[in-house]
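S.K.: I am sharing structure17.pdb, which consists of PDB, C-alpha atoms:
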MODEL        1
ATOM      1  CA  GLN P   9      -0.401  15.554  12.823
ATOM      2  CA  VAL P  10      -0.332  12.127  11.196
ATOM      3  CA  GLN P  11       2.439  11.175   8.818
ATOM      4  CA  LEU P  12       2.760   8.107   6.637
ATOM      5  CA  VAL P  13       6.209   7.314   5.313
ATOM      6  CA  GLU P  14       6.623   4.740   2.566
ATOM      7  CA  SER P  15       9.786   2.963   1.496
ATOM      8  CA  GLY P  16      10.885   0.067  -0.655
ATOM      9  CA  GLY P  17      10.009   1.152  -4.173
ATOM     10  CA  GLY P  18      12.411   0.947  -7.058
ATOM     11  CA  LEU P  19      13.234  -0.642 -10.379
ATOM     12  CA  VAL P  20      12.826  -4.398 -10.797
ATOM     13  CA  GLN P  21      12.796  -6.778 -13.738
ATOM     14  CA  PRO P  22       9.640  -8.628 -14.734
ATOM     15  CA  GLY P  23       9.163 -11.628 -12.487
ATOM     16  CA  GLY P  24      11.049  -9.980  -9.660
ATOM     17  CA  SER P  25       9.962  -8.992  -6.175
ATOM     18  CA  LEU P  26       9.767  -5.870  -4.065
ATOM     19  CA  ARG P  27       8.609  -5.197  -0.537
ATOM     20  CA  LEU P  28       6.968  -1.899   0.307
ATOM     21  CA  SER P  29       6.766  -0.637   3.862
ATOM     22  CA  CYS P  30       4.692   2.102   5.424
ATOM     23  CA  ALA P  31       5.022   3.515   8.924
ATOM     24  CA  ALA P  32       2.459   5.814  10.496
ATOM     25  CA  SER P  33       3.412   8.298  13.171
ATOM     26  CA  GLY P  34       1.789  11.138  15.071
ATOM     27  CA  LYS P  35      -1.432  11.427  17.031
ATOM     28  CA  ILE P  36      -3.428   8.546  15.607
ATOM     29  CA  PHE P  37      -6.658   7.323  17.137
ATOM     30  CA  SER P  38      -9.101   4.614  16.256
ATOM     31  CA  ILE P  39      -7.216   3.196  13.285
ATOM     32  CA  ASN P  40      -9.321   0.962  11.098
ATOM     33  CA  ALA P  41      -7.928   0.021   7.718
ATOM     34  CA  MET P  42      -4.399   0.395   6.455
ATOM     35  CA  GLY P  43      -3.534  -0.468   2.931
ATOM     36  CA  TRP P  44      -1.987   0.225  -0.426
ATOM     37  CA  TYR P  45      -3.264   1.907  -3.541
ATOM     38  CA  ARG P  46      -1.522   2.645  -6.808
ATOM     39  CA  GLN P  47      -1.749   5.105  -9.647
ATOM     40  CA  ALA P  48      -0.245   4.584 -13.064
ATOM     41  CA  PRO P  49       0.292   7.476 -15.488
ATOM     42  CA  GLY P  50      -2.980   8.567 -17.039
ATOM     43  CA  LYS P  51      -5.039   6.289 -14.815
ATOM     44  CA  GLN P  52      -7.077   6.685 -11.672
ATOM     45  CA  ARG P  53      -5.787   5.614  -8.302
ATOM     46  CA  GLU P  54      -6.890   2.067  -7.527
ATOM     47  CA  LEU P  55      -6.951  -0.229  -4.543
ATOM     48  CA  VAL P  56      -4.229  -2.850  -4.316
ATOM     49  CA  ALA P  57      -4.742  -4.372  -0.864
ATOM     50  CA  THR P  58      -6.083  -3.377   2.535
ATOM     51  CA  SER P  59      -6.085  -4.819   6.022
ATOM     52  CA  THR P  60      -8.493  -3.922   8.810
ATOM     53  CA  SER P  61      -7.550  -3.674  12.460
ATOM     54  CA  GLY P  62      -9.296  -7.012  12.939
ATOM     55  CA  GLY P  63      -7.086  -8.708  10.368
ATOM     56  CA  ILE P  64      -9.503  -8.871   7.450
ATOM     57  CA  THR P  65      -7.650  -8.448   4.164
ATOM     58  CA  ASN P  66      -8.944  -7.413   0.769
ATOM     59  CA  TYR P  67      -7.056  -7.668  -2.506
ATOM     60  CA  ALA P  68      -7.685  -6.317  -5.975
ATOM     61  CA  GLY P  69      -8.360  -8.933  -8.582
ATOM     62  CA  PHE P  70      -5.190  -8.194 -10.508
ATOM     63  CA  VAL P  71      -3.141  -9.251  -7.465
ATOM     64  CA  LYS P  72      -4.113 -12.900  -8.040
ATOM     65  CA  GLY P  73      -2.021 -14.294  -5.214
ATOM     66  CA  ARG P  74       1.111 -12.394  -6.191
ATOM     67  CA  PHE P  75       0.958  -9.763  -3.433
ATOM     68  CA  THR P  76       0.652 -10.185   0.327
ATOM     69  CA  ILE P  77      -0.258  -7.459   2.781
ATOM     70  CA  SER P  78       0.891  -7.651   6.374
ATOM     71  CA  ARG P  79       0.238  -5.314   9.243
ATOM     72  CA  ASP P  80       1.615  -4.677  12.705
ATOM     73  CA  ASN P  81      -1.051  -2.926  14.762
ATOM     74  CA  ALA P  82       1.301  -2.275  17.663
ATOM     75  CA  LYS P  83       3.773  -0.449  15.440
ATOM     76  CA  ASN P  84       1.222   1.105  13.054
ATOM     77  CA  THR P  85       3.015  -0.333  10.044
ATOM     78  CA  VAL P  86       1.793  -2.064   6.933
ATOM     79  CA  ASP P  87       3.899  -3.885   4.359
ATOM     80  CA  LEU P  88       3.188  -5.131   0.861
ATOM     81  CA  GLN P  89       5.199  -8.056  -0.460
ATOM     82  CA  MET P  90       4.994  -8.066  -4.241
ATOM     83  CA  ASN P  91       6.120 -11.130  -6.181
ATOM     84  CA  SER P  92       6.003 -12.062  -9.847
ATOM     85  CA  LEU P  93       5.886  -8.412 -10.810
ATOM     86  CA  LYS P  94       4.711  -7.456 -14.269
ATOM     87  CA  PRO P  95       5.322  -4.310 -16.340
ATOM     88  CA  GLU P  96       1.684  -3.353 -15.798
ATOM     89  CA  ASP P  97       2.382  -3.149 -12.064
ATOM     90  CA  THR P  98       4.428  -0.029 -12.762
ATOM     91  CA  ALA P  99       2.879   2.828 -10.786
ATOM     92  CA  VAL P 100       3.256   5.095  -7.818
ATOM     93  CA  TYR P 101       2.165   3.140  -4.764
ATOM     94  CA  TYR P 102       0.482   4.993  -1.911
ATOM     95  CA  CYS P 103      -0.077   3.963   1.657
ATOM     96  CA  ARG P 104      -3.440   4.847   3.179
ATOM     97  CA  LEU P 105      -4.671   4.880   6.750
ATOM     98  CA  GLY P 106      -8.367   5.122   7.604
ATOM     99  CA  THR P 107      -9.936   5.702  10.996
ATOM    100  CA  TYR P 108     -13.245   4.704  12.542
ATOM    101  CA  TYR P 109     -14.304   8.344  12.723
ATOM    102  CA  GLY P 110     -13.924   8.879   8.983
ATOM    103  CA  ALA P 111     -10.534  10.514   8.645
ATOM    104  CA  GLU P 112      -8.040   9.230   6.126
ATOM    105  CA  PHE P 113      -4.370   9.898   5.608
ATOM    106  CA  TRP P 114      -2.085   9.244   2.646
ATOM    107  CA  GLY P 115       1.615   8.833   2.205
ATOM    108  CA  GLN P 116       3.631  10.689  -0.383
ATOM    109  CA  GLY P 117       3.904   7.664  -2.662
ATOM    110  CA  THR P 118       6.767   5.467  -3.776
ATOM    111  CA  GLN P 119       7.580   4.648  -7.387
ATOM    112  CA  VAL P 120       7.597   1.038  -8.533
ATOM    113  CA  THR P 121       8.926   0.412 -12.034
ATOM    114  CA  VAL P 122       8.900  -3.045 -13.584
ATOM    115  CA  SER P 123      11.015  -3.146 -16.693
ATOM    116  CA  SER P 124      13.729  -5.152 -18.343
TER     117      SER P 124
ENDMDL
END
Will you turn the file into structure tokens for me?
M.R.:
Amino acid sequence: QVQLVESGGGLVQPGGSLRLSCAASGKIFSINAMGWYRQAPGKQRELVATSTSGGITNYAGFVKGRFTISRDNAKNTVDLQMNSLKPEDTAVYYCRLGTYYGAEFWGQGTQVTVSS
């Protein structure tokens, strides 16, 4: 069974920074993309950033250079460094792992709140 455990969420003031971490464990084969999504209250879940096993990264437009995704393939971890946070970044952030054979796994989510 595959488990994704996220950490690093919390409350931060506008303009501040947070670093989210996600560690995958269990019987994992043929990992392709790992990444982060978020869901704000009343909104659909949306992509934030992803990284493929080959190192190709993809960011949502609203990131605009503020967030950086990093991945350690050997450890099956993926981090998201978030700088210059805005109130509209407030959401539950989810880690996702996708495999080459079509399976996907999600973490339980970690709350990020940006407020003064």
S.K.: Can you measure CA of Gln89 in chain P to CA of Ser38 in chain P for me? One decimal in Å is fine.
M.R.: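 Separating CA of Gln89 in chain P from CA of Ser38 in chain P is a distance of 25.4 Å.
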S.K.: I need the output of the PyMOL selection byres ((chain P and resi 83-87) around 7) for this file as a PyMOL selection string; which residues are they?
M.R.: chain P and resi 27-32+42-43+77-82+88-89
S.K.: Care to translate the PyMOL selection byres ((chain P and resi 113) around 9) into actual residues of this file, as a PyMOL selection string?
M.R.: chain P and resi 10-12+103-107+111-112+114-115
S.K.: With C-alpha atoms retained, export the selected residues as a CSV table (one decimal), in the frame of the given file.
M.R.:
chain,number,residue,atom,x,y,z
P,10,VAL,CA,-0.3,12.1,11.2
P,11,GLN,CA,2.4,11.2,8.8
P,12,LEU,CA,2.8,8.1,6.6
P,103,CYS,CA,-0.1,4.0,1.7
P,104,ARG,CA,-3.4,4.8,3.2
P,105,LEU,CA,-4.7,4.9,6.8
P,106,GLY,CA,-8.4,5.1,7.6
P,107,THR,CA,-9.9,5.7,11.0
P,111,ALA,CA,-10.5,10.5,8.6
P,112,GLU,CA,-8.0,9.2,6.1
P,114,TRP,CA,-2.1,9.2,2.6
P,115,GLY,CA,1.6,8.8,2.2
S.K.: Suppose a student applies the PyMOL selection byres ((chain P and resi 65) around 10) to this structure; what residues should they get, written as a list in words?
M.R.: Ala41, Met42, Gly43, Ala57, Thr58, Ser59, Thr60, Ser61, Gly62, Gly63, Ile64, Asn66, Tyr67, Thr76, Ile77, Ser78 and Arg79 of chain P
S.K.: Would you mind exporting C-alpha atoms of the selected residues as a PDB file, keeping the file's coordinate frame?
M.R.:
ATOM      1  CA  ALA P  41      -7.928   0.021   7.718  1.00  0.00           C
ATOM      2  CA  MET P  42      -4.399   0.395   6.455  1.00  0.00           C
ATOM      3  CA  GLY P  43      -3.534  -0.468   2.931  1.00  0.00           C
ATOM      4  CA  ALA P  57      -4.742  -4.372  -0.864  1.00  0.00           C
ATOM      5  CA  THR P  58      -6.083  -3.377   2.535  1.00  0.00           C
ATOM      6  CA  SER P  59      -6.085  -4.819   6.022  1.00  0.00           C
ATOM      7  CA  THR P  60      -8.493  -3.922   8.810  1.00  0.00           C
ATOM      8  CA  SER P  61      -7.550  -3.674  12.460  1.00  0.00           C
ATOM      9  CA  GLY P  62      -9.296  -7.012  12.939  1.00  0.00           C
ATOM     10  CA  GLY P  63      -7.086  -8.708  10.368  1.00  0.00           C
ATOM     11  CA  ILE P  64      -9.503  -8.871   7.450  1.00  0.00           C
ATOM     12  CA  ASN P  66      -8.944  -7.413   0.769  1.00  0.00           C
ATOM     13  CA  TYR P  67      -7.056  -7.668  -2.506  1.00  0.00           C
ATOM     14  CA  THR P  76       0.652 -10.185   0.327  1.00  0.00           C
ATOM     15  CA  ILE P  77      -0.258  -7.459   2.781  1.00  0.00           C
ATOM     16  CA  SER P  78       0.891  -7.651   6.374  1.00  0.00           C
ATOM     17  CA  ARG P  79       0.238  -5.314   9.243  1.00  0.00           C
TER      18      ARG P  79
END
S.K.: How far is it from CA of Gln9 in chain P to CA of Leu26 in chain P, in Å with one decimal?
M.R.: 29.1 Å
S.K.: Using only C-alpha atoms for the distances, tell me which of P:Gly110, P:Gly18, P:Gly23, P:Gly117 is nearest to Leu93 in chain P.
M.R.: P:Gly23
S.K.: Suppose you want the space between CA of Gly17 in chain P and CA of Gly69 in chain P; what is it in Å?
M.R.: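 Going from CA of Gly17 in chain P over to CA of Gly69 in chain P, I get 21.4 Å.
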S.K.: Using all atoms listed in the file, which residue out of P:Phe70, P:Val56, P:Asn40, P:Gln47 lies closest to Gln119 in chain P?
M.R.: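 Checking each of P:Phe70, P:Val56, P:Asn40, P:Gln47 against Gln119 in chain P, counting all atoms listed in the file, the winner is P:Gln47.
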S.K.: Using all atoms listed in the file, determine which residues lie at most 12 Å from Val100 in chain P, disregarding the query and same-chain residues fewer than 5 positions distant; provide the list as a list in words.
M.R.: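 Near Val100 in chain P, the qualifying residues are Glu14, Ser15, Gly16, Gly17, Gly18, Leu19, Leu28, Trp44, Tyr45, Arg46, Gln47, Ala48, Pro49, Gly50, Lys51, Gln52, Arg53, Glu54, Leu55, Val56, Gly115, Gln116, Gly117, Thr118, Gln119, Val120, Thr121 and Val122 of chain P.
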S.K.: For Ser92 in chain P, work out the shell of residues within 9 Å, counting only C-alpha atoms and skipping chain neighbours fewer than 2 positions away, then give it as an MDAnalysis selection string.
M.R.: chainID P and resid 22:25 74:75 90 94
